[in-house]
Protein chains: 2
Amino acid sequence: MAQTDTVTRILDTAEVLFAERGFAETSLRTITSKAKVNLAAVNYHFGSKKSLIQAVFSRYLDPFTERFHRALDELQAHYGDAVIPLEALLETMARSVLEVPAERNSLKVFMRLLGLAYSQAQGHLRRYIQEEYGSVFTRFTELVRQATPELPDAERFWRLHFMLGTVIFTLSGLDALRDIAEKDYGDHVTVRELIRRLRPVVVAAMQAPMTAPAPQSVQEA
Amino acid sequence: MAQTDTVTRILDTAEVLFAERGFAETSLRTITSKAKVNLAAVNYHFGSKKSLIQAVFSRYLDPFTERFHRALDELQAHYGDAVIPLEALLETMARSVLEVPAERNSLKVFMRLLGLAYSQAQGHLRRYIQEEYGSVFTRFTELVRQATPELPDAERFWRLHFMLGTVIFTLSGLDALRDIAEKDYGDHVTVRELIRRLRPVVVAAMQAPMTAPAPQSVQEA
DNA sequence: TCCAATGATAAACAGCTGTTTCAAACATGC
DNA sequence: GCATGTTTGAAACAGCTGTTTATCATTGGA
């Protein structure tokens, strides 16, 4: 065995580079040279670049989904048959997201990867994540449904994705935004502080009053 | 002159392909062959692939900023010295965004490109957009400042970017989200309808109550 | 001790990338 | 008509891409 496992050295290097520059823009040669590992090692241990990308995600998402499931278990046990309030659900999710990368001090990388998963072409990634980790999301949305019975299903779906966009966009572009905020407002913000700022905004957004559907006379695009 | 200008044929093809697959994942050969144009034409007319990417953005952003500036002029003329309410500002912005691509029936492409500009590596793009079109955004945020005097500057900055994330994330991933929504809720939504749904959410988010700063005892990441 | 399996290494592979070159075609002004 | 500047065309360029091969080293078990 080398001083640290070749596989984990590849994963450690790859996740940072992917987060910094995207998948297509990061070559295997860049990864392997920075990881002080032979080029062929990636294909030997992971099979292909695609699989390496998925492995990087699994290493974050597997512990996350496990923790999140457990946290939801506790939450449901605590509330029994009563409806879990929206704030508690959001709080639990936030805590689960924060806990995982705390073990490896890189929430920033985690969020940036999530952002890339949504925005980059990489259709295989979205499919992989959907198939592998879709069930947690389904469970969560069902609980949100019970917490917001006044919302029509479609409206809640869209608002949840509005908020997903808020979180992913903000946290994945964190460095750039933090620089601007610090320069313009002397406001050096930490991730935990950002999440504190996010909470009331997300709650207010989910509970915003609904407006009447657009009149049909308006032309469509 | 060919049946349509070589330059515009390149731009038309490039913007669609970029929106579909990202910048790094779209080769000049794919663009030129699909546009039925010689490979060298891109480098001849635009100089480089980088410049082509910027040209694609200019073609959207130049008309947009011009319209948006004009719309803000009218708004300020109408309200005189009075403070323009937040809803009116957001409404004006939404209208300006909607108007531009209506001329070329591709708001979807426009939004997807905006999303890519934020998420893709392409540091040159962010710099280009910032330098070229930053002034409109500055003007807009100043008006938002007057409309929300109760918010501290830093808080307003973050909330504006929260909402920017919401809009860009939603509209740039529109196709995928729409498919899910249609399958699960039979809800076939148009862009204009989505924007109608976005409005109350954004307003509520901007006007959400503030919570006290986190106690200093909490450890930071 | 020998064998087999596993892992690491360097080299080569075919294919694609953005860009350049230079000759041909074209249009335009005189 | 000729000469001018502009736009196209096919081909080549050097460089990088992911992947494969074949060789070598190292290990653990019989």
# chains A, B, ... in the order shown; residues from 1 in each chain; ligands from 1
$ select_by_dssp --residues "range 82-171 of chain A" --states "alpha helix (DSSP H)" --output "count of residues only"
74
$ closest_atom_pairs --of "chain D" --to "chain A" --cutoff "8 Å" --atoms "only C-alpha atoms (C1' of nucleotides)" --output "tab-separated table"
residue	atom	partner	partner_atom	distance
D:DT17	C1'	A:Ser27	CA	7.5
D:DG18	C1'	A:Lys49	CA	7.7
D:DT19	C1'	A:Asn43	CA	7.5
$ closest_atom_pairs --of "chain A" --to "chain C" --cutoff "12 Å" --atoms "only C-alpha atoms (C1' of nucleotides)" --output "CSV"
residue,atom,partner,partner_atom,distance
A:Met1,CA,C:DG7,C1',9.3
A:Ala2,CA,C:DA8,C1',10.5
A:Asp5,CA,C:DG7,C1',11.4
A:Thr6,CA,C:DG7,C1',9.9
A:Val7,CA,C:DG7,C1',11.4
A:Lys36,CA,C:DA8,C1',12.0
A:Val37,CA,C:DA8,C1',8.9
A:Asn38,CA,C:DT9,C1',6.9
A:Leu39,CA,C:DT9,C1',9.1
A:Ala40,CA,C:DT9,C1',8.5
A:Ala41,CA,C:DA8,C1',7.9
A:Val42,CA,C:DA8,C1',11.7
A:Tyr44,CA,C:DG7,C1',9.2
A:His45,CA,C:DG7,C1',9.7
$ write_last_selection --atoms "C-alpha atoms" --output "PDB file, in the first residue's frame"
ATOM      1  CA  MET A   1       0.000   0.000   0.000  1.00  0.00           C
ATOM      2  CA  ALA A   2       1.287   3.482  -0.836  1.00  0.00           C
ATOM      3  CA  ASP A   5      -4.452   4.501  -1.035  1.00  0.00           C
ATOM      4  CA  THR A   6      -4.221   5.212  -4.743  1.00  0.00           C
ATOM      5  CA  VAL A   7      -7.981   5.112  -5.111  1.00  0.00           C
ATOM      6  CA  LYS A  36       1.079  11.630  -8.170  1.00  0.00           C
ATOM      7  CA  VAL A  37      -0.486   8.550  -9.644  1.00  0.00           C
ATOM      8  CA  ASN A  38      -0.036   6.783 -12.943  1.00  0.00           C
ATOM      9  CA  LEU A  39      -2.360   7.822 -15.729  1.00  0.00           C
ATOM     10  CA  ALA A  40      -3.631   4.296 -16.275  1.00  0.00           C
ATOM     11  CA  ALA A  41      -4.652   4.016 -12.631  1.00  0.00           C
ATOM     12  CA  VAL A  42      -7.953   5.778 -13.243  1.00  0.00           C
ATOM     13  CA  TYR A  44      -7.718   0.455 -13.899  1.00  0.00           C
ATOM     14  CA  HIS A  45      -9.534   1.277 -10.686  1.00  0.00           C
TER      15      HIS A  45
END
$ interface_residues --of "chain A" --to "chain B" --cutoff "8 Å" --atoms "only C-alpha atoms" --output "NGL selection string"
:A and (20-22 or 24-25 or 102 or 105 or 115-116 or 118-121 or 153-155 or 157 or 159 or 161-170 or 173 or 181 or 185 or 187 or 190-193 or 196-197 or 200-202 or 204-206 or 208-211 or 213-214 or 220-221)
$ atom_distance --atom1 "CA of Arg145 in chain B" --atom2 "CA of Asp62 in chain B"
24.8 Å
$ residues_around --residues "Val83 in chain A" --least-positions-apart "5" --cutoff "10 Å" --atoms "only C-alpha atoms (C1' of nucleotides)" --output "list in words"
Gln76, Leu143, Val144, Arg145, Gln146, Ala147 and Thr148 of chain A
$ write_last_selection --atoms "N, CA, C and O atoms" --output "mmCIF file, in the first residue's frame"
data_model
loop_
_atom_site.group_PDB
_atom_site.id
_atom_site.type_symbol
_atom_site.label_atom_id
_atom_site.label_comp_id
_atom_site.auth_asym_id
_atom_site.auth_seq_id
_atom_site.Cartn_x
_atom_site.Cartn_y
_atom_site.Cartn_z
ATOM 1 N N GLN A 76 -39.645 11.774 12.511
ATOM 2 C CA GLN A 76 -40.978 11.163 12.471
ATOM 3 C C GLN A 76 -41.299 10.469 13.785
ATOM 4 O O GLN A 76 -42.446 10.495 14.251
ATOM 5 N N LEU A 143 -43.091 14.577 2.938
ATOM 6 C CA LEU A 143 -43.224 15.229 4.246
ATOM 7 C C LEU A 143 -43.512 16.718 4.089
ATOM 8 O O LEU A 143 -44.294 17.294 4.857
ATOM 9 N N VAL A 144 -42.870 17.320 3.099
ATOM 10 C CA VAL A 144 -43.143 18.738 2.834
ATOM 11 C C VAL A 144 -44.605 18.912 2.418
ATOM 12 O O VAL A 144 -45.250 19.902 2.770
ATOM 13 N N ARG A 145 -45.109 17.946 1.684
ATOM 14 C CA ARG A 145 -46.505 18.016 1.251
ATOM 15 C C ARG A 145 -47.436 18.089 2.461
ATOM 16 O O ARG A 145 -48.362 18.897 2.524
ATOM 17 N N GLN A 146 -47.161 17.233 3.444
ATOM 18 C CA GLN A 146 -48.005 17.231 4.637
ATOM 19 C C GLN A 146 -47.855 18.526 5.425
ATOM 20 O O GLN A 146 -48.785 18.971 6.098
ATOM 21 N N ALA A 147 -46.671 19.124 5.332
ATOM 22 C CA ALA A 147 -46.424 20.354 6.102
ATOM 23 C C ALA A 147 -47.020 21.573 5.433
ATOM 24 O O ALA A 147 -47.217 22.611 6.075
ATOM 25 N N THR A 148 -47.320 21.476 4.152
ATOM 26 C CA THR A 148 -47.881 22.611 3.419
ATOM 27 C C THR A 148 -49.115 22.162 2.649
ATOM 28 O O THR A 148 -49.116 22.172 1.404
#
$ atom_distance --atom1 "C1' of DT23 in chain D" --atom2 "CA of Ser51 in chain A"
26.5 Å
